[in-house]
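For reference, the structure is listed below as structure tokens.
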Amino acid sequence: MSKIRVHDKFFEPYLSATSIEEKVELIANQINHDYADKNPLFIAVLNGSFMFAADLFKRLTIEAEISFIKLASYKGTKSSGHVITAIGLDAELYGRNVVIVEDIVDTGKTLHKFLPQLHHQQPASLKIAALLYKPEAVIYPVAVDYVGFSIPNKFVVGYGLDYNGLGRNIKEIYRLAD
Ligand code: 5GP
């Protein structure tokens with residue numbers, strides 16, 4: 001694989017489709033084990049998590065439900081610092097075993113803002129699954145229970161993640177080239 005261009009920037013190959021697939025399978029197996037007979041409710045945070053959420057959900061062999069919320073904080077390759085709820089949550093969380101599905105945890109601001117709203121509804125349990133996690137970027141610490149890849153603090157695109165709207169359809173994950 002070689003470099004690609006998205007808008008004005010160049011990105012280099014980082015995580016192959018196969019390595020992502022294997023990691024998603026691994027997380028699904030853990031969740032199948034941890035949530036057998038618990039009918040978990042997955043809440044996927046749109047837009048970026050749609051591909052991870054779909055691949056993860058397909059691999060679940062247990063009873064499970066899914067719902068979606070749309071939050072946004074990014075403009076270009078930098079977090080704007082403001083988290084906007086564009087589509088709210090329609091599910092009842094009281095007494096449910098909830099798993100938040102995120103594409104990436106970067107500063108942690110999105111989850112930091114969103115988690116209290118969920119706790120308020122008194123779920124039986126609340127865990128987080130994130131395909132990517134940038135430990136060096138964390139400003140608001142959040143405990144991520146299921147992590148796909150811990151990655152350096154570099155902007156990435158592909159597999160659902162965009163740069164100004166483009167790149168979400170790429171099967172692999174690319175990172176900003178120097
Ligand atoms: P946080 O609130 O943790 O700073 O950021 C979470 C959201 O920012 C993610 O769900 C994602 O939409 C976006 N984001 C953070 N880092 C990246 C990145 O490297 N690439 C892309 N495309 N989006 C990112």
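Numbering starts fresh at 1 for the residues of each chain in the structure tokens, the chains themselves are lettered A, B, ... in the order given, and ligands are numbered from 1 as they appear.
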Name the residues in contact with A:Thr61 at a cut-off of 12 Å, using only C-alpha atoms, excluding same-chain residues fewer than 5 positions from it; report them as an MDAnalysis selection string.
-> chainID A and resid 25 28:37 39:40 56
Closest-contact table, stretch 110-134 of chain A side, partner stretch 69-73 of chain A, 10 Å, counting only C-alpha atoms, as CSV:
```
residue,atom,partner,partner_atom,distance
A:Thr110,CA,A:Ser73,CA,7.2
A:Leu111,CA,A:Leu71,CA,9.6
A:Phe114,CA,A:Leu71,CA,8.8
```
Can you tell me which residues sit at most 7 Å away from ligand 1, counting only C-alpha atoms and all ligand atoms, written as number ranges by chain?
-> A: 47-48, 72-74, 77, 79, 102-111, 154-157, 161-163
Those same residues - N, CA and C atoms - I'd like them written as a PDB file, in the first residue's frame.
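New file out.pdb:
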```pdb
ATOM      1  N   ASN A  47     -20.402   9.982  13.993  1.00  0.00           N
ATOM      2  CA  ASN A  47     -20.418   9.175  12.797  1.00  0.00           C
ATOM      3  C   ASN A  47     -19.347   8.072  12.783  1.00  0.00           C
ATOM      4  N   GLY A  48     -18.192   8.374  13.326  1.00  0.00           N
ATOM      5  CA  GLY A  48     -16.998   7.566  13.086  1.00  0.00           C
ATOM      6  C   GLY A  48     -17.097   6.092  13.419  1.00  0.00           C
ATOM      7  N   ALA A  72     -20.380  15.199  17.964  1.00  0.00           N
ATOM      8  CA  ALA A  72     -19.282  15.673  17.114  1.00  0.00           C
ATOM      9  C   ALA A  72     -18.453  16.708  17.847  1.00  0.00           C
ATOM     10  N   SER A  73     -17.137  16.614  17.705  1.00  0.00           N
ATOM     11  CA  SER A  73     -16.262  17.619  18.326  1.00  0.00           C
ATOM     12  C   SER A  73     -15.113  18.009  17.409  1.00  0.00           C
ATOM     13  N   TYR A  74     -14.958  17.287  16.301  1.00  0.00           N
ATOM     14  CA  TYR A  74     -13.790  17.517  15.446  1.00  0.00           C
ATOM     15  C   TYR A  74     -14.079  18.445  14.273  1.00  0.00           C
ATOM     16  N   THR A  77      -8.415  18.312  11.382  1.00  0.00           N
ATOM     17  CA  THR A  77      -7.603  17.320  12.099  1.00  0.00           C
ATOM     18  C   THR A  77      -7.446  17.685  13.577  1.00  0.00           C
ATOM     19  N   SER A  79      -9.430  18.690  17.467  1.00  0.00           N
ATOM     20  CA  SER A  79     -10.664  18.716  18.231  1.00  0.00           C
ATOM     21  C   SER A  79     -11.057  20.169  18.470  1.00  0.00           C
ATOM     22  N   GLU A 102     -17.139   3.301  20.502  1.00  0.00           N
ATOM     23  CA  GLU A 102     -16.456   4.488  19.950  1.00  0.00           C
ATOM     24  C   GLU A 102     -15.436   4.063  18.907  1.00  0.00           C
ATOM     25  N   ASP A 103     -15.263   4.877  17.883  1.00  0.00           N
ATOM     26  CA  ASP A 103     -14.184   4.631  16.924  1.00  0.00           C
ATOM     27  C   ASP A 103     -12.835   4.896  17.584  1.00  0.00           C
ATOM     28  N   ILE A 104     -12.734   6.051  18.255  1.00  0.00           N
ATOM     29  CA  ILE A 104     -11.444   6.443  18.833  1.00  0.00           C
ATOM     30  C   ILE A 104     -11.647   7.312  20.072  1.00  0.00           C
ATOM     31  N   VAL A 105     -10.852   7.061  21.090  1.00  0.00           N
ATOM     32  CA  VAL A 105     -10.823   7.959  22.246  1.00  0.00           C
ATOM     33  C   VAL A 105      -9.519   8.738  22.150  1.00  0.00           C
ATOM     34  N   ASP A 106      -9.660  10.049  22.043  1.00  0.00           N
ATOM     35  CA  ASP A 106      -8.524  10.939  21.788  1.00  0.00           C
ATOM     36  C   ASP A 106      -8.281  11.769  23.057  1.00  0.00           C
ATOM     37  N   THR A 107      -8.884  12.953  23.178  1.00  0.00           N
ATOM     38  CA  THR A 107      -8.735  13.731  24.411  1.00  0.00           C
ATOM     39  C   THR A 107      -9.609  13.164  25.533  1.00  0.00           C
ATOM     40  N   GLY A 108     -10.640  12.412  25.171  1.00  0.00           N
ATOM     41  CA  GLY A 108     -11.582  11.868  26.155  1.00  0.00           C
ATOM     42  C   GLY A 108     -12.751  12.803  26.417  1.00  0.00           C
ATOM     43  N   LYS A 109     -12.728  13.970  25.767  1.00  0.00           N
ATOM     44  CA  LYS A 109     -13.750  14.985  26.037  1.00  0.00           C
ATOM     45  C   LYS A 109     -15.168  14.505  25.684  1.00  0.00           C
ATOM     46  N   THR A 110     -15.296  13.845  24.550  1.00  0.00           N
ATOM     47  CA  THR A 110     -16.622  13.396  24.113  1.00  0.00           C
ATOM     48  C   THR A 110     -17.254  12.507  25.180  1.00  0.00           C
ATOM     49  N   LEU A 111     -16.508  11.509  25.625  1.00  0.00           N
ATOM     50  CA  LEU A 111     -17.066  10.578  26.613  1.00  0.00           C
ATOM     51  C   LEU A 111     -17.227  11.257  27.969  1.00  0.00           C
ATOM     52  N   LYS A 154      -1.272  10.719  16.509  1.00  0.00           N
ATOM     53  CA  LYS A 154      -1.253  11.187  15.118  1.00  0.00           C
ATOM     54  C   LYS A 154      -2.641  11.020  14.534  1.00  0.00           C
ATOM     55  N   PHE A 155      -3.047  11.962  13.702  1.00  0.00           N
ATOM     56  CA  PHE A 155      -4.378  11.922  13.118  1.00  0.00           C
ATOM     57  C   PHE A 155      -4.499  10.754  12.133  1.00  0.00           C
ATOM     58  N   VAL A 156      -5.595  10.002  12.246  1.00  0.00           N
ATOM     59  CA  VAL A 156      -5.805   8.836  11.383  1.00  0.00           C
ATOM     60  C   VAL A 156      -7.122   8.952  10.608  1.00  0.00           C
ATOM     61  N   VAL A 157      -7.171   8.286   9.448  1.00  0.00           N
ATOM     62  CA  VAL A 157      -8.416   8.213   8.655  1.00  0.00           C
ATOM     63  C   VAL A 157      -8.638   6.778   8.188  1.00  0.00           C
ATOM     64  N   LEU A 161     -13.439   6.530   9.970  1.00  0.00           N
ATOM     65  CA  LEU A 161     -12.904   7.825  10.426  1.00  0.00           C
ATOM     66  C   LEU A 161     -12.627   8.739   9.226  1.00  0.00           C
ATOM     67  N   ASP A 162     -12.952  10.014   9.381  1.00  0.00           N
ATOM     68  CA  ASP A 162     -12.841  10.940   8.242  1.00  0.00           C
ATOM     69  C   ASP A 162     -11.831  12.044   8.474  1.00  0.00           C
ATOM     70  N   TYR A 163     -11.462  12.686   7.382  1.00  0.00           N
ATOM     71  CA  TYR A 163     -10.809  13.988   7.449  1.00  0.00           C
ATOM     72  C   TYR A 163     -11.722  14.931   6.668  1.00  0.00           C
TER      73      TYR A 163
END
```
A:Ala130 environment, 9 Å, only C-alpha atoms, sequence neighbours closer than 6 positions dropped, as a count of residues only | 14
Between A:Leu118, A:Leu131, A:Val6, A:Leu41, single out the one closest to A:Arg96, counting only C-alpha atoms.
->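 Going through A:Leu118, A:Leu131, A:Val6, A:Leu41 one by one, the smallest distance to A:Arg96 is for A:Leu41.
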Distance of atom CA of A:Val98 from atom CA of A:His119, expressed in Å to one decimal place | 10.1 Å
Which of chain A counts as strand (DSSP E) under DSSP, as an MDAnalysis selection string please?
-> chainID A and resid 4:6 9:15 41:46 65:75 78:87 97:105 125:133 146:150 156:157 173:176
Please indicate the distance in Å from atom CA of A:Ala124 to atom CA of A:Met51, rounded to one decimal place.
->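 Distance reported for this atom pair: 26.6 Å.
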Selection: 8 Å around A:Tyr174, only C-alpha atoms, excl. self and same-chain fewer than 6 positions, as a count of residues only | 8
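Using only C-alpha atoms, the smallest distance between any of A:Ser19, A:Thr85, A:Asn164, A:Ser67 and A:Lys113 comes from A:Thr85.
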From the DSSP assignment of the backbone, select every residue of stretch 43-172 of chain A that is alpha helix (DSSP H), and format the answer as a ChimeraX atom specification.
-> /A:50-58,109-119
